[in-house]
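Report on the following structure.
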Amino acid sequence: MHSYKKFELSNGLRVIHLEDKSRTTIVLNTLYNVGARDESPNRTGFAHLFEHLMFSGSANVPLFDKEVEEAGGQNNAFTTNEITNYHLVMPRENIETAFWLESDRMKSLNINEKSLSVQRGVVVEEFKQRCYNAPFGFLWHHIRKIVYSQSPYRWPTIGESIEHIETASLEEVQAFYNQFYGPQNAIVSVVGDISLNQTKLLCEKWFGDIKKLESANQNNYLQEKKPSSRRFLESLDVSPNPAVFLVWRGPVFLDPRSINLDLFAELLGGSDVSPLQLELVKSKQLLNAAECFYMRGLAEGLFVLYGIMNDGVSHLTCEKALLDVCKSLFLPSSTLKKSMQGCINRQLSHLLFEAVQPMQLAQKLCYYENAGDLEGINKEVSHLENASLKAVLTDASATLTDESVSVIYYHPKKNDRL
Amino acid sequence: MTDYRSIKPITKNIVSLNAPPIEITKTLGGYPLYISETKSTGVVQIELFWGKGSFHQKQAFQSSLAGDLIFAGTKKRKEVEIIQLFDHLGATHQTETLFMGSSIVLRCMKKHFEKVFSWLLENASAACYPEQEVASAILVHSASLERQQKTSKYWALRKSMEKLYGPNHPLTRFGNTDDCQKINSACLLNYRKKHLPISDCMLFLSGDIDKEIVAKTNAIMSPYPGGDFSVPTFQHCFNLPIDNTVIKHKVANTNQVSLQMVAHISPKNIKEKHAFTLLNMCLGGYFGSQLMQVLREEKGLTYGVSSYFQPAFKDFTWTIAGEFNSTNTQESFETIDMIFQNLRDTIMPLETLNKIKQYYAGQFRSGFDGPFAMNSKVQHLLLQGLDIDYFETVLPSIWAISPKDLNHLANNYLHKESFIHVLAGDT
């Protein structure tokens, strides 16, 4: 059980505190309820670009990173389709610096043409590095494009195209900040060797005077119907090995069925001797890599199952083999019951290890609060302990259907640039 | 009235580590044993560590596959049976092979410790590398290597290291897909028997460790006579003469260039080693470094560029690496050279050096936090032949380094003529 305490400032900022005296550092994590799904379709990648700009200085902090470093701390951030998360890890004796820095950029970020121009260049290079120059680098572009046609989940966090990033204007940046970067759209967690009283004092001092936004993000998005027939996409890729990716939409983060799909993914491919590995990689040697996972999200989840093929294996054979292995688990058996207990044990063990990693814990506390059920973090163990094989298989077979699958075939690109 | 926000909070310097003393004991059977911070986490990590790594292999991929396939089967049991028991008990395992060391790390809930650890020893000590499992692993490994070989980063690293040390040096055994095919059951078994016998390992226990766990460890280890743990004594190594021509390696279907510069560094003593650490931090060792600030934050030429040291026997390979648009490589080389020159020509302001020291001190100290952090630190001590109290001396030594020390070092080592230059990708 995590003995956190939650309080709220008068401006709507929610703060979660968790004391851990065993550490010499304290984590100050800030989650903003804004992500790629809040972007305009012709300005995709904007939330991520904005994340970069949050390090460009604020009214009283011209050089954000310099101050972090002078205090002996470190920081970073990430953006997803749903949230933007910033963390600062500070030596416990210098924690006030973290409050000063995080609150100053929430209150008065210094947005200017120079930093926008530089960060546009940086993000364009990031786009090239992640997408053009890595095998399957455009995977999330393809997945989102094939699974969604209207919803704002149809583009990846990095952006639909480089042009969207290159043409982002200063006015748009300012408007984005004004709309989303304020106290009632943020959640702060403080984890480490710091008391609740001290945390309250520092929060009041540094975040207390920040003005409210006009309104918090209401998270109203177009709910797109699930596909009712198989969708298909083919693409060329720098990978020398062809591959098949299968994707299904599934239930949201707080829906208990999402835990069941997580467990099904673990059953299917979570071990070196899981059916996916054993049958398709080791025994039949059709594939040289196979994996599956359930990506739990606030508005929806995605179940991804893929295989990278060995020479001479066709896409159709691979797709059929992946589906056959998947479906072969839909019927309960004594072997499966035993495997299920192993999956539960592995996940329980994972939760115990996670509990001694303050940064992960700080991020997770914010995530649960943003999802609307902070106490959910303490229900994870009982959810796992009470999971039943029958429910896991029922939810998996209801979600992973032939009618709702989206399929991507990857073909190796010829060396056309040599 | 002054806005209180304009006055930054006072910060304290991190000047000492104050970590618990490192104590290496022995099991009843004579195995070196290190137990890290005890905490009621309910989980235990068991690590078997050998002072042998890829340096000791006779052919490419031999050491890593011997580690990866350690649970692939014994004469008595198939891989499925071995892994399924780990799986059933919720234990996760991973193997790691470095240049100078190898590990098997197992994590499990405390209540399963005895079963899991016994199972680990029983099967790792009898691993026989069945042909079918080896064949399957080779297919997986070859395909993964093929994918790596489609990236610019891979070739930038490989070409630069081969140019610095020569193609047949222990530091440059990259291997190709045909080398994967040469791996067989016999060569893996030979490697395990010679370099990874249980008797030669050191034990690391971390997490929720109490007297009962230590007693169980002694009991479980008792059938395995041991105490032969040793680490190699490495000498300085030599590099080839530096040729300053920029090596270009074209990689198909890329639209960026991976830039890599490497030099061989042999610090004269510990003080110089610490000074190198700070000079590297200043050059490209963190976000506030000159490479990141100028090439990324001022010019927007790259998403990431950094410099770091890689162990090379008793010495280091100093590496500068980043990804750039192909039209920006000349400007990037010129900027790096300009940064070198500034570090040579200017004595760094004390304030700047103190910022670097403080950042380093913060990261150094936090690296000792948590129940699982200490193992790699102790292994570093052993492999580098450092004193048991070495870590306590680091921060005082770091804070004693002066701007002149760094300037002296920069003048001795930071010249573009000392580095191999490689561009791979869309050249």
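Scheme for the structure tokens: letters A, B, ... for chains in order shown; per-chain residue numbers from 1; ligand numbers from 1 in order shown.
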
Within 7 Å of chain A: residues of chain B, using only C-alpha atoms, as a PyMOL selection string: chain B and resi 5-6+9+11-12+41-43+80+83+87-91+108-109+136+139-140+143+146-147+150-151+252-255+288+296-303+355+358-363+366+369-370

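Using only C-alpha atoms, the protein and nucleic acid residues lying no more than 8 Å from Val262 (chain B), apart from those fewer than 4 places from it along its own chain, are Ser160, Met161, Leu164, Thr317, Trp318, Thr319, Ile320, Phe419, Ile420 and His421 of chain B.
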
Output as a PDB file with C-alpha atoms, in the first residue's frame all residues of region 135-283 of chain A that backbone DSSP marks as helix (DSSP H, G or I).
ATOM      1  CA  LEU A 139       5.092   2.197 -36.996  1.00  0.00           C
ATOM      2  CA  TRP A 140       2.998   4.496 -34.809  1.00  0.00           C
ATOM      3  CA  HIS A 141       2.094   6.663 -37.790  1.00  0.00           C
ATOM      4  CA  HIS A 142       0.800   3.555 -39.518  1.00  0.00           C
ATOM      5  CA  ILE A 143      -0.951   2.075 -36.485  1.00  0.00           C
ATOM      6  CA  ARG A 144      -2.815   5.253 -35.663  1.00  0.00           C
ATOM      7  CA  LYS A 145      -3.689   5.917 -39.266  1.00  0.00           C
ATOM      8  CA  ILE A 146      -5.170   2.491 -39.822  1.00  0.00           C
ATOM      9  CA  VAL A 147      -6.958   2.141 -36.477  1.00  0.00           C
ATOM     10  CA  ILE A 162       7.701  17.382 -40.423  1.00  0.00           C
ATOM     11  CA  GLU A 163       5.885  20.249 -42.173  1.00  0.00           C
ATOM     12  CA  HIS A 164       3.436  20.585 -39.282  1.00  0.00           C
ATOM     13  CA  ILE A 165       6.342  21.199 -36.914  1.00  0.00           C
ATOM     14  CA  GLU A 166       8.221  23.520 -39.252  1.00  0.00           C
ATOM     15  CA  LEU A 170       4.643  31.912 -31.938  1.00  0.00           C
ATOM     16  CA  GLU A 171       0.969  32.886 -31.620  1.00  0.00           C
ATOM     17  CA  GLU A 172      -0.038  29.245 -31.637  1.00  0.00           C
ATOM     18  CA  VAL A 173       2.543  28.465 -28.966  1.00  0.00           C
ATOM     19  CA  GLN A 174       1.286  31.280 -26.733  1.00  0.00           C
ATOM     20  CA  ALA A 175      -2.337  30.221 -27.211  1.00  0.00           C
ATOM     21  CA  PHE A 176      -1.500  26.610 -26.334  1.00  0.00           C
ATOM     22  CA  TYR A 177       0.253  27.730 -23.150  1.00  0.00           C
ATOM     23  CA  ASN A 178      -2.632  29.972 -22.152  1.00  0.00           C
ATOM     24  CA  GLN A 179      -5.145  27.220 -22.743  1.00  0.00           C
ATOM     25  CA  PHE A 180      -3.473  24.252 -21.070  1.00  0.00           C
ATOM     26  CA  PRO A 183      -2.785  24.897 -12.075  1.00  0.00           C
ATOM     27  CA  GLN A 184      -6.182  23.258 -12.463  1.00  0.00           C
ATOM     28  CA  ASN A 185      -4.930  21.386 -15.531  1.00  0.00           C
ATOM     29  CA  LEU A 196       3.941  16.507   4.234  1.00  0.00           C
ATOM     30  CA  ASN A 197       4.144  19.817   6.103  1.00  0.00           C
ATOM     31  CA  GLN A 198       7.215  20.921   4.216  1.00  0.00           C
ATOM     32  CA  THR A 199       5.595  19.914   0.943  1.00  0.00           C
ATOM     33  CA  LYS A 200       2.473  21.941   1.756  1.00  0.00           C
ATOM     34  CA  LEU A 201       4.560  24.997   2.674  1.00  0.00           C
ATOM     35  CA  LEU A 202       6.610  24.831  -0.500  1.00  0.00           C
ATOM     36  CA  CYS A 203       3.563  24.241  -2.684  1.00  0.00           C
ATOM     37  CA  GLU A 204       1.707  27.219  -1.196  1.00  0.00           C
ATOM     38  CA  LYS A 205       4.768  29.425  -1.477  1.00  0.00           C
ATOM     39  CA  TRP A 206       5.646  28.632  -5.070  1.00  0.00           C
ATOM     40  CA  PHE A 207       2.463  27.443  -6.760  1.00  0.00           C
ATOM     41  CA  PRO A 256     -10.960  -3.804 -15.216  1.00  0.00           C
ATOM     42  CA  ARG A 257     -11.050  -5.453 -18.632  1.00  0.00           C
ATOM     43  CA  SER A 258      -7.869  -3.562 -19.509  1.00  0.00           C
ATOM     44  CA  ILE A 259      -6.046  -5.444 -16.737  1.00  0.00           C
ATOM     45  CA  ASN A 260      -7.357  -8.668 -18.217  1.00  0.00           C
ATOM     46  CA  LEU A 261      -6.013  -7.749 -21.652  1.00  0.00           C
ATOM     47  CA  ASP A 262      -2.688  -6.912 -20.045  1.00  0.00           C
ATOM     48  CA  LEU A 263      -2.668 -10.368 -18.485  1.00  0.00           C
ATOM     49  CA  PHE A 264      -3.647 -11.972 -21.786  1.00  0.00           C
ATOM     50  CA  ALA A 265      -0.682 -10.273 -23.478  1.00  0.00           C
ATOM     51  CA  GLU A 266       1.533 -11.659 -20.726  1.00  0.00           C
ATOM     52  CA  LEU A 267       0.053 -15.148 -21.241  1.00  0.00           C
ATOM     53  CA  LEU A 268       0.516 -15.001 -24.987  1.00  0.00           C
ATOM     54  CA  GLY A 269       3.978 -13.510 -25.221  1.00  0.00           C
ATOM     55  CA  PRO A 275       3.137 -19.754 -26.836  1.00  0.00           C
ATOM     56  CA  LEU A 276       4.145 -16.933 -29.159  1.00  0.00           C
ATOM     57  CA  GLN A 277       7.869 -17.566 -28.685  1.00  0.00           C
ATOM     58  CA  LEU A 278       7.689 -21.292 -28.343  1.00  0.00           C
ATOM     59  CA  GLU A 279       5.560 -22.030 -31.374  1.00  0.00           C
ATOM     60  CA  LEU A 280       6.445 -19.337 -33.878  1.00  0.00           C
ATOM     61  CA  VAL A 281      10.063 -18.436 -33.048  1.00  0.00           C
ATOM     62  CA  LYS A 282      11.571 -21.591 -31.547  1.00  0.00           C
ATOM     63  CA  SER A 283       9.545 -24.531 -32.850  1.00  0.00           C
TER      64      SER A 283
END

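For the choices A:Gln150, A:Gln363, A:Ser229, A:Thr317, the atom-to-atom distance to Leu286 (chain A) is smallest for A:Thr317 when using only C-alpha atoms.
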
Selection near Tyr153 (chain A), 8 Å with only C-alpha atoms, sequence-local residues under 3 positions removed, as a PyMOL selection string: chain A and resi 36-37+81+144+148+156

Closest of A:Lys225, A:Arg43, A:Lys390, A:Arg130 to Glu300 (chain A) - atom-to-atom distances counting only C-alpha atoms: A:Lys225

Would you pick out the contacts of Phe232 (chain A) at 8 Å or less, using only C-alpha atoms, so that residues sharing its chain but fewer than 5 positions from it are not included, and give the list as a ChimeraX atom specification? /A:146,406-409

Write out as a PyMOL selection string the set of residues from region 148-252 of chain B that DSSP, computed on the backbone, places in strand (DSSP E or B). chain B and resi 202-207+247-250

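For Ser326 (chain B), the set of protein, DNA and RNA residues having any atom at most 8 Å away, when counting only C-alpha atoms and skipping those fewer than 5 positions along the same chain, is B:Asn255, B:Gln256, B:Val257, B:Asp426, B:Thr427.
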